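Report on the structure given below.
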Amino acid sequence: MRALTWASWPAFAVVLVVLPLVFTDPAARLLLILMAMYGMLAMSWNLTLGFAGIFNFAQIGFFGIGAYTTGILVTKTGVEPWLAIPISGVSAVLASLVAFLPVLRLRGIYVGLATYVFSQLCIYLVLGQAGLTGGSNGIVGIPRLTLGDTSLRADGRIGYYYLAAALLFATVVLVRLIVNSTLGKSLLAIRDNETLAVSRGVSRVRQHLIVFMAGAAVAGVAGSFNAFLNGVVSTDIFGFGYLTLLLSMIFLGGSGSVYGPLIGAVVVTLVSDYLRDAGAWRDIVIAALILVVLWIAPKGLAGLSRQALDRWGRPTSARETS
């Protein structure tokens with residue numbers, strides 16, 4: 001989307017600052033927090049899935065590794081909670097080096113299968129180290145984040161919202177910088193025509209590894225934030241529920257778009273909350289919504305918005321002749 005250019009970033013920051021002052025209800029603020037967290041996670045996944053064209057399903061594994069790293073650090077070792085957040089990002093990056101191995105040899109759906117297995121192996125690793133991870137019971141009693149004597153849960157979790165908003169803003173900056181850089185252009189070249197890109201001197205392995213690590217770092221930080229927000233970590237974080245939820249956000253918003261996954265995160269979070277008592281109908285409605293949007297605009301809501309902007313941005317005479 002061209003709507004959010006570099007010049008409009010101050011406006012984007014102002015919107016993030018003002019939102020919790022408009023929506024003061026604790027439930028509404030929790031929704032804003034979830035939108036921000038899912039938005040940064042979906043955008044990080046889109047780096048590999050959308051821009052690099054890698055069928056990477058290890059992102060949920062990185063998310064869970066970040067959450068468990070935080071849980072272990074703050075409950076077992078006494079590490080300062082704020083320090084656990086960047087450490088969790090680093091642990092996810094290290095894990096990405098292992099998850100990246102299938103990308104060296106495999107292509108397409110085989111990469112997806114191998115990286116999904118990686119996420120499932122994380123569950124067995126957690127269950128096998130019950131003394132450290134709590135096994136099937138998970139890790140409970142994760143302390144809340146505080147600033148001095150003030151808890152981030154005070155005043156309807158407003159502190160957690162601003163932390164989530166800051167992390168989201170940093171993720172948007174990171175993704176935008178990557179996409180507009182030489183790295184981003186080379187990723188698109190590899191995705192669209194790998195043979196031609198490699199013949200021009202582009203290293204597929206190096207470029208894919210860099211973006212793999214960048215996406216893992218964001219996912220690890222998001223997992224750490226999730227652990228502090230909920231105060232508990234369990235193996236559910238590696239589950240199929242998070243996987244399908246995030247894929248819905250990416251495809252609905254538009255894969256291969258900078259802001260599409262963020263738009264998808266907002267829409268899916270709102271729809272899920274509105275239909276929280278609808279049981280299976282919630283998933284059916286979301287799936288139907290995705291199908292309708294993709295039928296109308298294959299590039300998702302971001303593509304639909306871009307089409308509208310391009311159409312209404314043209315002179316009237318040009319629209320009349322189209």
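In the structure tokens, chains take the letters A, B, ... in the order shown, each chain's residues start at 1, and ligands count up from 1 in the order shown.
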
Could the residues of stretch 109-179 of chain A that have an atom at most 9 Å from stretch 95-99 of chain A be listed as JSON lines, each with its closest atom pair and the distance in Å to one decimal, counting only C-alpha atoms and ordered by chain and ascending residue number?
{"residue": "A:Ala114", "atom": "CA", "partner": "A:Ala99", "partner_atom": "CA", "distance": 8.3}
{"residue": "A:Thr115", "atom": "CA", "partner": "A:Ala99", "partner_atom": "CA", "distance": 6.2}
{"residue": "A:Phe118", "atom": "CA", "partner": "A:Ala99", "partner_atom": "CA", "distance": 6.4}
{"residue": "A:Ser119", "atom": "CA", "partner": "A:Ala99", "partner_atom": "CA", "distance": 8.8}

Excluding stretch 15-18 of chain A and its own-chain neighbours fewer than 5 positions away, which residues fall within 12 Å of it when counting only C-alpha atoms? Please give them as number ranges by chain. A: 8-10, 23-24, 29, 32-33, 35-36, 158-159, 161-169

If you run DSSP on this backbone, which residues of stretch 121-289 of chain A come out as strand (DSSP E), and could you give them as a PyMOL selection string? chain A and resi 139-140+146-147+150-151+232-233

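Using only C-alpha atoms, the residues found no farther than 9 Å from A:Arg153, other than those of its own chain fewer than 6 positions away, are Arg144, Leu145, Thr146, Gly159, Tyr160 and Leu229 of chain A.
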
As a PyMOL selection string, which residues of stretch 252-320 of chain A does DSSP assign to helix (DSSP H, G or I)? chain A and resi 252-253+260-274+280-296+300-313+316-320

Excluding same-chain residues fewer than 6 positions from A:Gly256, what lies within 8 Å of it counting only C-alpha atoms, as number ranges by chain? A: 46-47, 49-51

Residues of the last selection are to be written out with N, CA and C atoms, as a CSV table (one decimal), in the first residue's frame.
chain,number,residue,atom,x,y,z
A,46,ASN,N,5.2,-13.0,7.1
A,46,ASN,CA,5.1,-12.7,5.7
A,46,ASN,C,6.4,-12.4,5.0
A,47,LEU,N,7.4,-12.1,5.8
A,47,LEU,CA,8.8,-11.8,5.2
A,47,LEU,C,9.2,-13.1,4.4
A,49,LEU,N,7.2,-16.0,3.9
A,49,LEU,CA,6.1,-16.6,3.2
A,49,LEU,C,5.6,-15.8,2.0
A,50,GLY,N,5.6,-14.5,2.1
A,50,GLY,CA,5.1,-13.6,1.1
A,50,GLY,C,6.2,-13.1,0.2
A,51,PHE,N,7.2,-12.5,0.8
A,51,PHE,CA,8.2,-11.8,0.0
A,51,PHE,C,9.3,-12.7,-0.5

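Among A:Ala217, A:Ala27, A:Ile54, A:Leu262, the residue with the shortest atom-to-atom distance to A:Asp155, counting only C-alpha atoms, is A:Ala27.
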
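Shortest separation to A:Pro143 among A:Leu301, A:Ile237, A:Leu73, A:Ile296 occurs at residue A:Leu73, atoms counted being only C-alpha atoms.
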
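Atom pair atom CA of A:Gly71 / atom CA of A:Tyr124: separated by 17.1 Å.
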
Quick one: residues within 9 Å of A:Leu41, only C-alpha atoms counted, chain neighbours fewer than 3 positions away excluded, as an NGL selection string? :A and (36-38 or 44-46 or 59 or 63 or 168 or 171 or 215 or 218-219 or 222-223 or 246 or 261)

Okay, now the selection with N, CA and C atoms, as an mmCIF file, in the first residue's frame?
data_model
loop_
_atom_site.group_PDB
_atom_site.id
_atom_site.type_symbol
_atom_site.label_atom_id
_atom_site.label_comp_id
_atom_site.auth_asym_id
_atom_site.auth_seq_id
_atom_site.Cartn_x
_atom_site.Cartn_y
_atom_site.Cartn_z
ATOM 1 N N ALA A 36 -2.053 -5.777 17.869
ATOM 2 C CA ALA A 36 -0.653 -5.386 17.706
ATOM 3 C C ALA A 36 0.268 -6.604 17.725
ATOM 4 N N MET A 37 0.037 -7.528 18.664
ATOM 5 C CA MET A 37 0.887 -8.707 18.768
ATOM 6 C C MET A 37 0.746 -9.605 17.536
ATOM 7 N N TYR A 38 -0.505 -9.879 17.134
ATOM 8 C CA TYR A 38 -0.716 -10.700 15.950
ATOM 9 C C TYR A 38 -0.230 -9.990 14.694
ATOM 10 N N SER A 44 6.011 -10.541 10.375
ATOM 11 C CA SER A 44 7.301 -11.235 10.385
ATOM 12 C C SER A 44 7.234 -12.526 9.572
ATOM 13 N N TRP A 45 6.098 -13.229 9.657
ATOM 14 C CA TRP A 45 5.943 -14.466 8.887
ATOM 15 C C TRP A 45 5.858 -14.160 7.393
ATOM 16 N N ASN A 46 5.240 -13.043 7.065
ATOM 17 C CA ASN A 46 5.077 -12.669 5.673
ATOM 18 C C ASN A 46 6.407 -12.372 4.991
ATOM 19 N N GLN A 59 7.418 -20.593 11.848
ATOM 20 C CA GLN A 59 7.233 -19.336 12.565
ATOM 21 C C GLN A 59 6.549 -19.532 13.911
ATOM 22 N N PHE A 63 7.824 -18.513 17.671
ATOM 23 C CA PHE A 63 6.929 -17.831 18.610
ATOM 24 C C PHE A 63 6.926 -18.565 19.950
ATOM 25 N N LEU A 168 5.177 -3.223 17.563
ATOM 26 C CA LEU A 168 4.551 -3.234 16.245
ATOM 27 C C LEU A 168 5.177 -2.174 15.346
ATOM 28 N N THR A 171 8.451 -3.288 14.190
ATOM 29 C CA THR A 171 8.315 -4.341 13.178
ATOM 30 C C THR A 171 7.978 -3.751 11.819
ATOM 31 N N GLY A 215 12.784 -12.706 10.514
ATOM 32 C CA GLY A 215 11.429 -13.096 10.881
ATOM 33 C C GLY A 215 11.385 -13.842 12.205
ATOM 34 N N VAL A 218 11.672 -11.415 15.303
ATOM 35 C CA VAL A 218 10.408 -10.743 15.622
ATOM 36 C C VAL A 218 9.443 -11.718 16.291
ATOM 37 N N ALA A 219 9.367 -12.944 15.767
ATOM 38 C CA ALA A 219 8.471 -13.945 16.342
ATOM 39 C C ALA A 219 8.878 -14.287 17.779
ATOM 40 N N ALA A 222 7.771 -11.506 19.988
ATOM 41 C CA ALA A 222 6.312 -11.588 20.142
ATOM 42 C C ALA A 222 5.930 -12.694 21.127
ATOM 43 N N GLY A 223 6.635 -13.819 21.065
ATOM 44 C CA GLY A 223 6.375 -14.903 22.003
ATOM 45 C C GLY A 223 6.683 -14.502 23.432
ATOM 46 N N LEU A 246 -2.975 -17.223 12.092
ATOM 47 C CA LEU A 246 -2.028 -16.307 11.454
ATOM 48 C C LEU A 246 -2.067 -16.421 9.931
ATOM 49 N N PRO A 261 -0.745 -8.049 6.099
ATOM 50 C CA PRO A 261 -0.917 -8.883 7.290
ATOM 51 C C PRO A 261 -1.403 -8.111 8.507
#

Write out as a list in words which residues come within 10 Å of A:Leu245 when counting only C-alpha atoms, dropping same-chain ones fewer than 5 positions away. Tyr38, Ala42, Phe240, Ile250, Ala265, Val268, Thr269, Ser272, Asp283 and Ile286 of chain A

I need the chosen residues saved as a CSV table (one decimal), in the first residue's frame, with N, CA, C and O atoms.
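Printed below is part.csv as written:
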chain,number,residue,atom,x,y,z
A,38,TYR,N,-0.5,-9.9,17.1
A,38,TYR,CA,-0.7,-10.7,15.9
A,38,TYR,C,-0.2,-10.0,14.7
A,38,TYR,O,0.3,-10.6,13.8
A,42,ALA,N,2.3,-11.7,12.2
A,42,ALA,CA,1.9,-12.0,10.9
A,42,ALA,C,2.9,-11.3,9.9
A,42,ALA,O,3.2,-11.9,8.8
A,240,PHE,N,-2.0,-26.0,16.2
A,240,PHE,CA,-2.5,-25.7,14.9
A,240,PHE,C,-3.4,-24.5,14.9
A,240,PHE,O,-3.6,-23.8,13.9
A,250,ILE,N,-2.7,-13.4,7.2
A,250,ILE,CA,-1.8,-13.1,6.1
A,250,ILE,C,-2.6,-13.2,4.7
A,250,ILE,O,-2.5,-12.2,3.9
A,265,ALA,N,-4.7,-8.9,10.5
A,265,ALA,CA,-4.7,-9.1,11.9
A,265,ALA,C,-5.8,-8.4,12.6
A,265,ALA,O,-6.5,-8.9,13.5
A,268,VAL,N,-9.4,-10.0,11.4
A,268,VAL,CA,-9.6,-11.4,12.0
A,268,VAL,C,-9.8,-11.3,13.5
A,268,VAL,O,-10.6,-12.0,14.1
A,269,THR,N,-9.0,-10.5,14.2
A,269,THR,CA,-9.1,-10.3,15.6
A,269,THR,C,-10.5,-9.8,16.0
A,269,THR,O,-11.1,-10.3,16.9
A,272,SER,N,-13.1,-12.6,15.2
A,272,SER,CA,-13.0,-13.6,16.2
A,272,SER,C,-13.6,-13.3,17.5
A,272,SER,O,-14.3,-14.1,18.2
A,283,ASP,N,-15.0,-20.0,12.9
A,283,ASP,CA,-14.0,-20.5,11.8
A,283,ASP,C,-14.6,-20.5,10.5
A,283,ASP,O,-14.0,-20.2,9.5
A,286,ILE,N,-14.9,-16.9,9.2
A,286,ILE,CA,-13.6,-16.3,8.8
A,286,ILE,C,-13.1,-17.0,7.5
A,286,ILE,O,-12.6,-16.3,6.6

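Counting only C-alpha atoms, the residue from A:Val233, A:Leu177, A:Ala170, A:Ala52 that sits nearest to A:Gly39 is A:Ala170.
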
Which residue, A:Leu132, A:Leu291, A:Ala84, A:Leu31, has the smallest gap to A:Leu19 when you use only C-alpha atoms? A:Leu31

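Counting from atom CA of A:Val179, the distance to atom CA of A:Ala214 is 12.1 Å.
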
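Computed from the coordinates, the atom CA of A:Phe100 to atom CA of A:Ala302 distance equals 28.9 Å.
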